[in-house]
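The structure file entry.cif is reproduced below (mmCIF, C-alpha atoms).
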data_target
loop_
_atom_site.label_atom_id
_atom_site.label_comp_id
_atom_site.auth_asym_id
_atom_site.auth_seq_id
_atom_site.Cartn_x
_atom_site.Cartn_y
_atom_site.Cartn_z
CA PRO B 147 -28.85 -14.28 35.74
CA LEU B 148 -27.21 -17.10 33.86
CA PRO B 149 -29.32 -20.02 32.61
CA TRP B 150 -26.85 -22.38 34.32
CA THR B 151 -24.17 -22.25 36.95
CA ALA B 152 -22.19 -25.42 36.23
CA PRO B 153 -20.89 -27.18 33.12
CA LEU B 154 -23.80 -28.83 31.32
CA PRO B 155 -23.67 -32.50 30.37
CA ALA B 156 -24.27 -33.46 26.77
CA ALA B 157 -27.98 -33.83 26.04
CA PRO B 158 -29.47 -37.25 25.22
CA GLY B 159 -29.12 -37.80 21.49
CA SER B 160 -26.23 -35.37 21.18
CA PRO B 161 -23.37 -36.66 19.01
CA LEU B 162 -21.11 -35.89 21.97
CA ASN B 163 -23.01 -38.23 24.29
CA PRO B 164 -23.05 -41.66 22.59
CA PRO B 165 -23.09 -44.86 24.66
CA PRO B 166 -19.49 -45.77 25.54
CA PRO B 167 -18.52 -48.74 23.31
CA ASP B 168 -15.71 -50.24 25.38
CA GLY B 169 -15.08 -47.89 28.25
CA PRO B 170 -15.50 -44.41 29.65
CA ALA B 171 -15.50 -41.27 27.53
CA PRO B 172 -12.12 -39.60 27.05
CA SER B 173 -11.07 -37.28 29.82
CA ALA B 174 -10.53 -33.60 29.19
CA ARG B 175 -7.14 -34.03 30.86
CA SER B 176 -6.09 -37.11 28.89
CA GLY B 177 -4.22 -35.15 26.22
CA PRO B 178 -5.02 -33.66 22.81
CA VAL B 179 -6.96 -35.87 20.43
CA GLU B 180 -6.03 -36.35 16.80
CA GLY B 181 -8.05 -38.63 14.55
CA GLY B 182 -9.69 -40.22 17.60
CA ARG B 183 -6.37 -41.08 19.27
CA GLU B 184 -4.41 -39.37 21.99
CA ALA B 185 -1.66 -37.29 20.42
CA PRO B 186 1.87 -37.82 21.70
CA THR B 187 3.09 -35.23 24.14
CA VAL B 188 6.37 -33.41 23.65
CA GLY B 189 8.00 -33.21 27.06
CA GLN B 190 6.34 -31.42 29.95
CA PRO B 191 6.29 -27.74 30.95
CA THR B 192 8.78 -27.00 33.67
CA THR B 193 7.52 -26.39 37.18
CA ALA B 194 10.45 -24.16 38.04
CA ALA B 195 9.61 -20.87 39.69
CA LEU B 196 9.11 -17.93 37.36
CA ASP B 197 12.31 -15.99 36.77
CA HIS B 198 11.02 -12.42 36.97
CA ALA B 199 14.26 -10.81 35.83
CA LYS B 200 14.56 -12.94 32.70
CA LEU B 201 10.89 -12.54 31.85
CA GLN B 202 11.28 -8.77 32.05
CA ALA B 203 14.53 -8.87 30.06
CA THR B 204 12.95 -10.80 27.17
CA LEU B 205 9.95 -8.47 27.15
CA ASP B 206 12.26 -5.43 27.13
CA ALA B 207 14.23 -7.00 24.26
CA ALA B 208 11.09 -7.00 22.11
CA HIS B 209 10.57 -3.30 22.86
CA GLU B 210 14.21 -2.53 22.09
CA ALA B 211 13.85 -4.40 18.79
CA GLY B 212 11.13 -1.98 17.70
CA MET B 213 7.84 -2.92 19.35
CA TYR B 214 6.28 0.20 20.82
CA GLY B 215 4.62 -1.31 23.89
CA LEU B 216 3.92 -4.73 25.39
CA SER B 217 2.05 -6.31 28.28
CA SER B 218 2.46 -9.89 29.50
CA VAL B 219 0.96 -12.10 32.20
CA VAL B 220 2.61 -15.46 33.00
CA ARG B 221 1.26 -18.07 35.41
CA ASP B 222 2.79 -21.21 36.86
CA GLY B 223 0.29 -22.87 39.18
CA GLY B 224 -0.30 -20.37 41.96
CA LEU B 225 2.56 -18.08 40.89
CA THR B 226 1.95 -15.05 38.66
CA TRP B 227 4.22 -12.56 36.94
CA GLU B 228 2.87 -9.48 35.19
CA GLY B 229 5.18 -7.27 33.18
CA VAL B 230 5.03 -4.31 30.81
CA SER B 231 7.55 -2.61 28.57
CA GLY B 232 7.58 0.42 26.30
CA VAL B 233 5.03 3.10 25.61
CA ALA B 234 1.27 3.24 25.19
CA ASP B 235 1.52 6.50 23.24
CA THR B 236 4.51 7.24 21.02
CA ALA B 237 3.76 10.97 20.94
CA THR B 238 3.58 11.60 24.68
CA GLY B 239 5.73 8.75 25.96
CA ARG B 240 2.90 7.57 28.26
CA PRO B 241 4.00 4.12 29.47
CA VAL B 242 2.13 0.86 29.15
CA ARG B 243 0.42 -0.03 32.43
CA PRO B 244 -0.59 -3.51 33.69
CA GLY B 245 -4.18 -4.48 33.02
CA MET B 246 -4.76 -2.25 30.01
CA PRO B 247 -7.52 -3.57 27.73
CA GLN B 248 -6.78 -4.47 24.12
CA ARG B 249 -8.62 -5.65 21.02
CA VAL B 250 -7.71 -9.33 20.77
CA GLY B 251 -8.77 -10.12 17.20
CA GLY B 252 -8.93 -13.81 16.31
CA ILE B 253 -8.93 -14.92 19.95
CA THR B 254 -12.63 -14.04 19.69
CA GLU B 255 -12.95 -17.31 17.76
CA THR B 256 -12.20 -19.45 20.82
CA PHE B 257 -15.04 -17.73 22.69
CA VAL B 258 -17.44 -18.29 19.80
CA ALA B 259 -16.34 -21.92 19.37
CA THR B 260 -16.91 -22.50 23.09
CA ALA B 261 -20.45 -21.12 22.79
CA VAL B 262 -21.15 -23.36 19.77
CA LEU B 263 -19.84 -26.45 21.58
CA GLN B 264 -22.11 -25.62 24.51
CA GLN B 265 -25.01 -25.76 22.07
CA VAL B 266 -23.72 -29.12 20.85
CA ASP B 267 -23.67 -30.32 24.46
CA GLN B 268 -27.33 -29.35 24.75
CA GLY B 269 -28.30 -31.12 21.52
CA ARG B 270 -29.32 -27.93 19.70
CA VAL B 271 -26.45 -28.14 17.20
CA HIS B 272 -24.70 -31.19 15.72
CA LEU B 273 -21.11 -30.77 14.57
CA ASP B 274 -21.52 -32.82 11.41
CA ASP B 275 -24.82 -31.31 10.32
CA PRO B 276 -24.70 -29.17 7.14
CA ILE B 277 -24.81 -25.45 7.80
CA GLY B 278 -27.48 -25.08 5.14
CA GLY B 279 -29.87 -26.93 7.42
CA TYR B 280 -29.58 -24.12 9.96
CA LEU B 281 -29.09 -21.13 7.63
CA PRO B 282 -30.61 -22.16 4.26
CA ASP B 283 -31.05 -18.58 3.08
CA LEU B 284 -27.42 -17.69 3.81
CA VAL B 285 -25.67 -20.82 2.50
CA PRO B 286 -28.08 -22.42 0.01
CA GLY B 287 -27.64 -25.18 -2.56
CA PRO B 288 -24.83 -27.74 -2.76
CA ARG B 289 -22.49 -25.63 -0.66
CA GLY B 290 -24.95 -25.49 2.19
CA ARG B 291 -25.34 -29.27 2.06
CA GLN B 292 -21.59 -29.99 1.93
CA ILE B 293 -20.21 -27.55 4.53
CA THR B 294 -20.74 -28.70 8.11
CA VAL B 295 -20.60 -26.87 11.41
CA ARG B 296 -17.36 -28.71 12.18
CA MET B 297 -15.75 -27.45 8.95
CA LEU B 298 -16.58 -23.85 9.87
CA LEU B 299 -15.10 -24.31 13.35
CA ALA B 300 -11.97 -25.98 11.89
CA HIS B 301 -11.41 -23.51 9.00
CA THR B 302 -11.80 -26.33 6.46
CA SER B 303 -15.00 -25.02 4.86
CA GLY B 304 -13.27 -23.73 1.73
CA ILE B 305 -15.10 -20.40 2.07
CA GLY B 306 -12.94 -17.39 1.24
CA ASP B 307 -12.07 -14.60 3.64
CA TYR B 308 -14.18 -11.46 3.33
CA LEU B 309 -11.28 -9.13 4.24
CA PRO B 310 -10.19 -8.31 0.64
CA ALA B 311 -13.74 -7.22 -0.21
CA ALA B 312 -14.10 -5.20 2.99
CA PHE B 313 -10.75 -3.41 2.49
CA PRO B 314 -9.97 -3.46 -1.25
CA SER B 315 -6.98 -1.11 -1.02
CA LEU B 316 -4.98 -3.88 0.72
CA ALA B 317 -4.40 -5.36 -2.73
CA ASP B 318 -2.54 -2.20 -3.87
CA PRO B 319 -1.27 -2.16 -1.09
CA SER B 320 -2.37 1.05 0.58
CA ALA B 321 -4.13 2.14 3.75
CA SER B 322 -6.84 4.16 1.99
CA SER B 323 -9.75 1.76 2.57
CA VAL B 324 -8.63 1.08 6.13
CA ASP B 325 -8.62 4.82 6.78
CA ALA B 326 -12.03 5.22 5.11
CA GLY B 327 -13.58 2.40 7.16
CA ARG B 328 -12.85 3.84 10.58
CA TYR B 329 -16.50 4.68 11.35
CA ARG B 330 -18.21 2.40 8.83
CA ARG B 331 -20.93 0.12 10.20
CA LEU B 332 -21.11 -3.36 8.66
CA GLY B 333 -23.61 -6.14 9.29
CA ALA B 334 -22.64 -9.78 9.78
CA ARG B 335 -24.71 -10.87 6.78
CA GLN B 336 -22.84 -8.43 4.55
CA LEU B 337 -19.51 -9.84 5.73
CA ALA B 338 -20.75 -13.40 5.16
CA ALA B 339 -22.00 -12.51 1.68
CA TRP B 340 -18.60 -11.06 0.74
CA GLY B 341 -16.85 -14.19 1.94
CA LEU B 342 -19.27 -16.54 0.20
CA ALA B 343 -18.82 -14.59 -3.04
CA ALA B 344 -15.02 -14.81 -2.83
CA LYS B 345 -13.05 -17.45 -4.68
CA PRO B 346 -13.23 -20.71 -2.68
CA THR B 347 -9.98 -21.79 -1.06
CA GLY B 348 -10.71 -25.47 -1.64
CA GLU B 349 -13.37 -28.16 -1.54
CA PRO B 350 -15.33 -28.40 1.73
CA GLY B 351 -13.49 -30.47 4.30
CA GLN B 352 -10.32 -30.91 2.23
CA THR B 353 -7.86 -28.18 3.21
CA TRP B 354 -7.24 -25.75 6.08
CA SER B 355 -7.45 -22.06 5.22
CA PHE B 356 -7.99 -19.27 7.72
CA SER B 357 -11.21 -17.42 6.92
CA ARG B 358 -12.94 -14.88 9.14
CA THR B 359 -16.11 -15.65 7.20
CA ASP B 360 -16.35 -19.04 8.94
CA TYR B 361 -16.76 -17.44 12.36
CA VAL B 362 -19.13 -14.74 11.15
CA ILE B 363 -21.37 -17.55 9.89
CA LEU B 364 -21.01 -19.32 13.24
CA GLY B 365 -22.15 -16.13 14.95
CA LEU B 366 -25.25 -16.14 12.75
CA LEU B 367 -25.76 -19.81 13.66
CA LEU B 368 -25.72 -18.90 17.35
CA GLU B 369 -28.28 -16.19 16.71
CA LYS B 370 -30.53 -18.69 14.92
CA VAL B 371 -30.46 -21.38 17.63
CA THR B 372 -30.49 -19.09 20.69
CA GLY B 373 -32.81 -16.35 19.46
CA ARG B 374 -30.56 -13.55 20.66
CA PRO B 375 -27.67 -11.52 19.19
CA ALA B 376 -24.49 -13.59 19.08
CA ALA B 377 -22.48 -11.09 21.13
CA ASP B 378 -25.14 -11.12 23.86
CA HIS B 379 -25.23 -14.90 23.96
CA VAL B 380 -21.44 -15.31 24.10
CA THR B 381 -21.32 -12.69 26.84
CA ALA B 382 -23.84 -14.58 28.98
CA ALA B 383 -22.78 -18.16 28.22
CA VAL B 384 -19.01 -17.76 28.15
CA ILE B 385 -17.70 -14.40 29.40
CA ARG B 386 -19.95 -14.08 32.48
CA ARG B 387 -19.87 -17.79 33.16
CA ALA B 388 -16.06 -17.62 33.36
CA GLY B 389 -16.29 -14.56 35.62
CA LEU B 390 -14.28 -12.30 33.29
CA ARG B 391 -14.41 -8.68 34.43
CA ASN B 392 -12.69 -6.86 31.56
CA THR B 393 -13.79 -8.78 28.47
CA TYR B 394 -16.57 -7.50 26.22
CA PHE B 395 -17.85 -6.98 22.71
CA PRO B 396 -17.64 -3.26 21.84
CA GLY B 397 -20.95 -3.07 19.98
CA ASP B 398 -21.22 0.22 18.13
CA ASP B 399 -18.63 2.01 20.29
CA PRO B 400 -15.44 2.66 18.26
CA SER B 401 -13.41 3.47 21.38
CA LEU B 402 -12.29 1.38 24.37
CA ARG B 403 -13.90 1.92 27.76
CA ARG B 404 -10.80 2.25 29.91
CA PRO B 405 -7.33 3.80 29.51
CA HIS B 406 -5.44 1.70 26.99
CA ALA B 407 -2.43 1.65 24.74
CA LYS B 408 -2.82 3.28 21.36
CA MET B 409 -2.79 0.84 18.45
CA TYR B 410 -0.37 1.42 15.58
CA GLU B 411 -0.59 -0.28 12.18
CA SER B 412 2.30 -0.26 9.68
CA LEU B 413 0.58 -2.45 7.02
CA TYR B 414 3.93 -4.02 6.08
CA GLY B 415 5.28 -0.69 4.92
CA ALA B 416 2.12 0.61 3.24
CA ALA B 417 1.42 2.84 6.27
CA ASP B 418 4.57 4.85 6.95
CA PRO B 419 4.58 6.30 9.53
CA ALA B 420 2.35 3.84 11.36
CA ARG B 421 -1.33 4.82 11.57
CA ASP B 422 -3.08 5.12 14.93
CA TYR B 423 -6.24 2.99 14.71
CA SER B 424 -7.07 3.10 18.42
CA GLU B 425 -10.56 4.38 17.59
CA TYR B 426 -12.22 2.07 15.08
CA ASP B 427 -15.67 0.60 14.45
CA MET B 428 -15.08 -3.12 14.94
CA SER B 429 -18.23 -4.31 13.16
CA TRP B 430 -15.89 -5.34 10.31
CA ALA B 431 -14.51 -8.08 12.60
CA SER B 432 -17.87 -9.15 14.09
CA THR B 433 -17.77 -12.58 15.82
CA ALA B 434 -14.47 -13.33 14.08
CA GLY B 435 -12.40 -10.73 15.91
CA SER B 436 -14.08 -7.79 17.67
CA LEU B 437 -13.60 -8.83 21.31
CA VAL B 438 -11.81 -6.62 23.86
CA SER B 439 -9.98 -8.22 26.78
CA THR B 440 -6.89 -8.13 29.01
CA PRO B 441 -4.02 -10.62 29.41
CA ASP B 442 -5.21 -11.58 32.89
CA ASP B 443 -8.76 -12.29 31.69
CA LEU B 444 -7.49 -14.38 28.79
CA ASP B 445 -5.33 -16.51 31.07
CA HIS B 446 -8.41 -17.04 33.23
CA PHE B 447 -10.58 -17.96 30.22
CA TYR B 448 -8.20 -20.51 28.71
CA ARG B 449 -7.55 -22.08 32.11
CA ASP B 450 -11.30 -22.56 32.62
CA LEU B 451 -11.75 -23.92 29.11
CA LEU B 452 -8.90 -26.43 29.23
CA THR B 453 -9.85 -27.71 32.69
CA GLY B 454 -13.43 -28.47 31.62
CA ARG B 455 -15.30 -25.66 33.34
CA LEU B 456 -17.01 -24.27 30.23
CA THR B 457 -18.02 -27.35 28.21
CA SER B 458 -18.40 -31.08 28.68
CA LYS B 459 -15.27 -33.22 28.55
CA ASN B 460 -16.33 -34.68 25.21
CA ALA B 461 -16.89 -31.22 23.75
CA LEU B 462 -13.40 -30.17 24.81
CA ALA B 463 -12.00 -33.34 23.24
CA GLU B 464 -13.70 -32.36 19.97
CA MET B 465 -12.14 -28.90 20.16
CA GLN B 466 -8.75 -30.59 20.57
CA ARG B 467 -9.04 -32.89 17.54
CA THR B 468 -6.40 -31.37 15.29
CA ILE B 469 -5.06 -31.30 11.77
CA PRO B 470 -1.52 -30.11 10.92
CA VAL B 471 -1.19 -26.66 9.36
CA ARG B 472 1.97 -26.12 7.33
CA ASP B 473 3.76 -23.07 5.95
CA ALA B 474 4.96 -22.60 2.38
CA ALA B 475 8.08 -24.67 3.12
CA GLY B 476 5.99 -27.63 4.28
CA ARG B 477 6.87 -27.23 7.97
CA THR B 478 4.13 -27.75 10.54
CA VAL B 479 3.46 -24.36 12.09
CA LEU B 480 0.62 -25.47 14.35
CA ASP B 481 -2.03 -28.15 14.86
CA SER B 482 -5.47 -26.64 14.35
CA GLY B 483 -8.56 -27.75 16.26
CA LEU B 484 -11.99 -26.16 16.68
CA GLY B 485 -11.36 -22.58 17.81
CA LEU B 486 -8.04 -23.69 19.31
CA TYR B 487 -4.59 -24.55 18.07
CA ALA B 488 -1.71 -26.46 19.61
CA LEU B 489 1.96 -25.49 19.47
CA ASN B 490 4.82 -27.85 20.30
CA LEU B 491 7.46 -25.93 22.23
CA PRO B 492 10.72 -27.46 23.48
CA CYS B 493 9.12 -28.18 26.86
CA GLY B 494 5.69 -29.41 25.83
CA ARG B 495 2.46 -28.88 23.98
CA PHE B 496 0.45 -25.72 24.57
CA TRP B 497 -3.07 -24.76 23.55
CA GLY B 498 -4.51 -21.36 22.72
CA TYR B 499 -4.90 -18.90 19.88
CA ASP B 500 -3.67 -15.58 18.58
CA GLY B 501 -5.28 -12.54 17.06
CA ALA B 502 -4.42 -9.33 15.28
CA VAL B 503 -6.53 -6.36 14.23
CA TRP B 504 -5.41 -2.96 13.04
CA GLY B 505 -2.63 -1.99 15.46
CA ALA B 506 -3.11 -4.64 18.12
CA ALA B 507 -1.90 -8.25 18.44
CA THR B 508 -2.31 -10.82 21.20
CA GLN B 509 -1.28 -14.42 21.82
CA SER B 510 -2.49 -16.68 24.63
CA LEU B 511 -1.09 -20.16 25.35
CA THR B 512 -1.85 -22.64 28.13
CA SER B 513 -0.56 -26.10 29.05
CA GLN B 514 -3.00 -29.02 28.86
CA ASP B 515 -3.45 -29.08 32.64
CA GLY B 516 -4.05 -25.32 32.80
CA ASP B 517 -1.10 -24.68 35.12
CA ARG B 518 1.43 -22.91 32.88
CA GLN B 519 0.13 -19.91 30.94
CA LEU B 520 1.18 -16.88 28.94
CA THR B 521 -0.78 -14.06 27.38
CA VAL B 522 1.20 -11.28 25.73
CA ALA B 523 -0.23 -8.23 23.94
CA MET B 524 1.46 -5.59 21.81
CA ASN B 525 0.43 -2.32 20.19
CA ARG B 526 2.07 -2.39 16.77
CA THR B 527 1.23 -4.68 13.85
CA GLY B 528 2.28 -5.10 10.23
CA PHE B 529 5.87 -4.21 11.09
CA GLN B 530 7.52 -7.04 9.11
CA ARG B 531 8.58 -7.11 5.48
CA LEU B 532 6.74 -9.45 3.10
CA ASP B 533 8.19 -12.16 0.89
CA GLY B 534 7.17 -12.79 -2.71
CA GLN B 535 4.03 -14.65 -1.60
CA GLY B 536 2.87 -11.89 0.71
CA VAL B 537 3.89 -13.78 3.87
CA PRO B 538 5.67 -11.82 6.64
CA ILE B 539 9.39 -12.44 7.11
CA ALA B 540 10.39 -12.89 10.74
CA GLY B 541 12.63 -10.10 12.01
CA PRO B 542 14.20 -8.97 15.29
CA ILE B 543 10.87 -8.22 16.95
CA ASP B 544 9.55 -11.70 16.13
CA THR B 545 12.74 -13.33 17.39
CA ALA B 546 12.55 -11.42 20.67
CA LEU B 547 8.87 -12.25 21.13
CA GLY B 548 9.58 -15.92 20.45
CA ALA B 549 12.27 -15.85 23.14
CA HIS B 550 9.77 -14.34 25.59
CA VAL B 551 7.25 -17.09 24.80
CA VAL B 552 9.82 -19.82 25.53
CA GLN B 553 11.08 -18.12 28.69
CA ALA B 554 7.51 -17.74 29.94
CA LEU B 555 6.27 -21.25 29.19
CA CYS B 556 9.41 -23.38 29.43
CA GLY B 557 11.37 -21.53 32.08
CA PRO B 558 15.06 -20.73 32.38
CA SER B 559 16.29 -24.32 32.21
CA VAL B 560 15.11 -24.60 28.60
CA ALA B 561 15.48 -21.01 27.46
CA ASP B 562 19.10 -20.78 28.62
CA THR B 563 20.13 -23.78 26.49
CA GLY B 564 19.09 -22.03 23.29
CA ALA B 565 16.33 -24.56 22.74
CA GLY B 566 13.92 -21.66 22.37
CA SER B 567 14.74 -21.54 18.70
CA GLY B 568 12.81 -24.74 18.13
CA GLY B 569 9.20 -24.18 17.07
CA ASP B 570 8.40 -27.46 15.33
CA GLY B 571 8.76 -30.26 17.86
CA GLY B 572 11.95 -28.67 19.13
CA SER B 573 13.79 -28.45 15.80
CA SER B 574 16.52 -25.83 16.10
CA SER B 575 16.07 -24.89 12.42
CA VAL B 576 12.64 -23.37 13.02
CA THR B 577 12.14 -20.16 14.99
CA THR B 578 9.48 -20.14 17.70
CA ARG B 579 6.96 -17.83 16.14
CA PHE B 580 4.85 -15.30 17.95
CA LEU B 581 1.42 -15.14 16.26
CA PRO B 582 1.97 -18.22 14.06
CA LEU B 583 -1.22 -17.57 12.06
CA THR B 584 0.53 -14.48 10.67
CA PHE B 585 3.23 -16.64 9.07
CA LEU B 586 0.86 -18.63 6.85
CA ALA B 587 0.15 -17.99 3.18
CA PRO B 588 -2.67 -15.45 2.77
CA VAL B 589 -6.05 -16.37 1.31
CA PRO B 590 -6.06 -15.65 -2.46
CA ASP B 591 -7.57 -12.36 -3.57
CA PRO B 592 -11.03 -13.14 -5.04
CA ARG B 593 -10.27 -10.81 -7.97
CA SER B 594 -7.30 -12.92 -9.06
#
Could I get this file's structure written as structure tokens?
Amino acid sequence: PLPWTAPLPAAPGSPLNPPPPDGPAPSARSGPVEGGREAPTVGQPTTAALDHAKLQATLDAAHEAGMYGLSSVVRDGGLTWEGVSGVADTATGRPVRPGMPQRVGGITETFVATAVLQQVDQGRVHLDDPIGGYLPDLVPGPRGRQITVRMLLAHTSGIGDYLPAAFPSLADPSASSVDAGRYRRLGARQLAAWGLAAKPTGEPGQTWSFSRTDYVILGLLLEKVTGRPAADHVTAAVIRRAGLRNTYFPGDDPSLRRPHAKMYESLYGAADPARDYSEYDMSWASTAGSLVSTPDDLDHFYRDLLTGRLTSKNALAEMQRTIPVRDAAGRTVLDSGLGLYALNLPCGRFWGYDGAVWGAATQSLTSQDGDRQLTVAMNRTGFQRLDGQGVPIAGPIDTALGAHVVQALCGPSVADTGAGSGGDGGSSSVTTRFLPLTFLAPVPDPRS
């Protein structure tokens, strides 16, 4: 049984429950918050009925461009469209079926962030407390005093990513260490130690840099304050509370529980032909990316989160305080919050996250009011070419996926005008990017 059955109010003394100075606390539906102010909206999602034929056509276009298999669930209020395209197994031609589970990678972070904000609501964790006060043995000294819980949630801690240490052959690049790690069991403290030993990406609180280490440390924080394994706590406090039926942490099982699409990794040309990593010990991703889910469950989760069913309104407002994240050309790719990001599409502002692990990638986006939603999953990753900085170059698959995103969230009235090419406030010079986190400069190799 769950310890609660309704959203908990912030506890007395919690930093999210101060006395209102001049009026009521901000509403969870009032709009995204940036620097304490409501962020401007960019249009509104269309309420036009879902065009099933065009949704299927844009999904098929991504398969025809080279993606092996895809699954997508789109919602508009009470209307739902679920589509699939391509194959789940390239050898047998077995087709993708609706409802197949998939490893969702970094989307795990939204679940973990939600669990941490629930602890903030209850007064057990304070966002601006130093992490060293909770985990002094893990993050000791000046670093532990400077890095706060908020910085870990926002990826502004300056802690390096542990991935280069966990898979050293990626620097070659080759797939040898990825192949060797298929059944390797790693502990969260080992992952955190690798990340903490890596070259810092900046001073604490100064710059945004994606680091899986941040969310591994947050998992250890949850274990410290709840007294139970992080995966067990997130399962009880978030997954079960949202009523998700097909979402789970895999534990020590390297396979998925139900029939699923195989997962093919090309490693940007280093794995040719693409490797099948469908069976893989996901302890390397821990609370930063090991979750398994389905598109339908993810739509359900983000709808509950953004409509205030999983945290207090003030906690959600904290999650939606954002900073701009820019690519190498200085263009804003996304606005990053705490376990969430916001994308400005031609028809409005959408919240969600994306994730990629070996052979599987997923993106989930939801309008502020929870009415318009898209979750799309695919079974091939690392298919792009890289530029001189190691950043993927968008190709035909990315263009087709971007068109599907716009068709799903903005509807035919926007997509048919060609406005779907605008990914930065509607600018036609910027392509709407599927998995925008992929198109950011990688964390420096700690050996460099």
Run through the PyMOL selection byres ((chain B and resi 413) around 9) on the given coordinates and return the selected residues as a compact mmCIF listing (two decimals) with C-alpha atoms, in the coordinates of the input.
# COMPACT_ATOMS: atom_id res chain seq x y z
CA LEU B 316 -4.98 -3.88 0.72
CA PRO B 319 -1.27 -2.16 -1.09
CA SER B 320 -2.37 1.05 0.58
CA ALA B 321 -4.13 2.14 3.75
CA GLU B 411 -0.59 -0.28 12.18
CA SER B 412 2.30 -0.26 9.68
CA TYR B 414 3.93 -4.02 6.08
CA GLY B 415 5.28 -0.69 4.92
CA ALA B 416 2.12 0.61 3.24
CA ALA B 417 1.42 2.84 6.27
CA ASP B 418 4.57 4.85 6.95
CA ALA B 420 2.35 3.84 11.36
CA ARG B 421 -1.33 4.82 11.57
CA TRP B 504 -5.41 -2.96 13.04
CA THR B 527 1.23 -4.68 13.85
CA GLY B 528 2.28 -5.10 10.23
CA PHE B 529 5.87 -4.21 11.09
CA GLN B 530 7.52 -7.04 9.11
Separating CA of Gly494 (chain B) from CA of Gly252 (chain B), to the nearest tenth of an Å, is a gap of 23.4 Å
Residues in the PyMOL selection byres ((chain B and resi 221-224) around 9), expressed as an MDAnalysis selection string = chainID B and resid 192:196 219:220 225:228 445 516:520 554:555
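Residues matched by the PyMOL selection byres ((chain B and resi 402) around 9) in this file: Pro247, Gln248, Arg249, Pro396, Asp399, Pro400, Ser401, Arg403, Arg404, Pro405, His406, Ser424, Glu425 and Val438 of chain B.
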Neighbour list for Gly348 (chain B) as a ChimeraX atom specification, cut-off 9 Å, all atoms listed in the file, skip fewer than 5 positions in-chain | /B:302-306,353-355
Measuring atom to atom with only C-alpha atoms, identify which of B:Ala312, B:Val537, B:Ala317, B:Ala199 is nearest to Thr359 (chain B).
->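 When distances to Thr359 (chain B) are compared using only C-alpha atoms, the smallest one comes from B:Ala312.
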Among the residues B:Thr457, B:Ser436, B:Asn525, B:Gln292, the one that comes closest to Ala377 (chain B) [using only C-alpha atoms] |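 Using only C-alpha atoms, the shortest distance to Ala377 (chain B) belongs to B:Ser436.
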Polymer residues at most 12 Å from Phe585 (chain B), only C-alpha atoms, same-chain spacing of 6 or more positions, as a short mmCIF file (atom, residue, chain, number, x, y, z; two decimals) with C-alpha atoms, in the coordinates of the input:
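Contents of out05.cif, freshly written:
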data_model
loop_
_atom_site.label_atom_id
_atom_site.label_comp_id
_atom_site.auth_asym_id
_atom_site.auth_seq_id
_atom_site.Cartn_x
_atom_site.Cartn_y
_atom_site.Cartn_z
CA PHE B 356 -7.99 -19.27 7.72
CA VAL B 471 -1.19 -26.66 9.36
CA ARG B 472 1.97 -26.12 7.33
CA ASP B 473 3.76 -23.07 5.95
CA ALA B 474 4.96 -22.60 2.38
CA ALA B 475 8.08 -24.67 3.12
CA ARG B 477 6.87 -27.23 7.97
CA THR B 478 4.13 -27.75 10.54
CA VAL B 479 3.46 -24.36 12.09
CA LEU B 480 0.62 -25.47 14.35
CA ASP B 500 -3.67 -15.58 18.58
CA GLY B 528 2.28 -5.10 10.23
CA GLN B 530 7.52 -7.04 9.11
CA ARG B 531 8.58 -7.11 5.48
CA LEU B 532 6.74 -9.45 3.10
CA ASP B 533 8.19 -12.16 0.89
CA GLN B 535 4.03 -14.65 -1.60
CA GLY B 536 2.87 -11.89 0.71
CA VAL B 537 3.89 -13.78 3.87
CA PRO B 538 5.67 -11.82 6.64
CA ILE B 539 9.39 -12.44 7.11
CA ALA B 540 10.39 -12.89 10.74
CA GLY B 541 12.63 -10.10 12.01
CA ASP B 544 9.55 -11.70 16.13
CA THR B 577 12.14 -20.16 14.99
CA THR B 578 9.48 -20.14 17.70
CA ARG B 579 6.96 -17.83 16.14
#
So, counting only C-alpha atoms, which residue among B:Ser218, B:Arg387, B:Pro441, B:Val266 is closest to His198 (chain B)?
->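 Looking at the shortest contact to His198 (chain B), the residue is B:Ser218.
We find CA of Pro310 (chain B) and CA of Gly278 (chain B) to be spaced 24.5 Å apart.
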Could you jot down the CA of Ala211 (chain B) to CA of Ala546 (chain B) separation for me, Å, one decimal place?
->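 Computed distance, CA of Ala211 (chain B) to CA of Ala546 (chain B), equals 7.4 Å.
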Among the residues B:Asp360, B:Asp398, B:Asp422, B:Asp515, the one that comes closest to Leu451 (chain B) [using only C-alpha atoms] |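 Distance minimum relative to Leu451 (chain B) lands on B:Asp515.
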Using all atoms listed in the file, the best pick from B:Gly501, B:Gly245, B:Gly229, B:Pro282 as closest to Asp443 (chain B) would be B:Gly245
For Tyr394 (chain B), list every protein, DNA or RNA residue within 9 Å, evaluated using all atoms listed in the file, and leave out those in the same chain fewer than 3 positions away; present the list as a ChimeraX atom specification.
-> /B:377,381,385,390-391,397,436-439
Just to be explicit: take each residue in the selection above, keep C-alpha atoms, and write the result as an mmCIF file, keeping the file's coordinate frame.
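See selection00.cif below for the written result:
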data_model
loop_
_atom_site.group_PDB
_atom_site.id
_atom_site.type_symbol
_atom_site.label_atom_id
_atom_site.label_comp_id
_atom_site.auth_asym_id
_atom_site.auth_seq_id
_atom_site.Cartn_x
_atom_site.Cartn_y
_atom_site.Cartn_z
ATOM 1 C CA ALA B 377 -22.480 -11.090 21.130
ATOM 2 C CA THR B 381 -21.320 -12.690 26.840
ATOM 3 C CA ILE B 385 -17.700 -14.400 29.400
ATOM 4 C CA LEU B 390 -14.280 -12.300 33.290
ATOM 5 C CA ARG B 391 -14.410 -8.680 34.430
ATOM 6 C CA GLY B 397 -20.950 -3.070 19.980
ATOM 7 C CA SER B 436 -14.080 -7.790 17.670
ATOM 8 C CA LEU B 437 -13.600 -8.830 21.310
ATOM 9 C CA VAL B 438 -11.810 -6.620 23.860
ATOM 10 C CA SER B 439 -9.980 -8.220 26.780
#
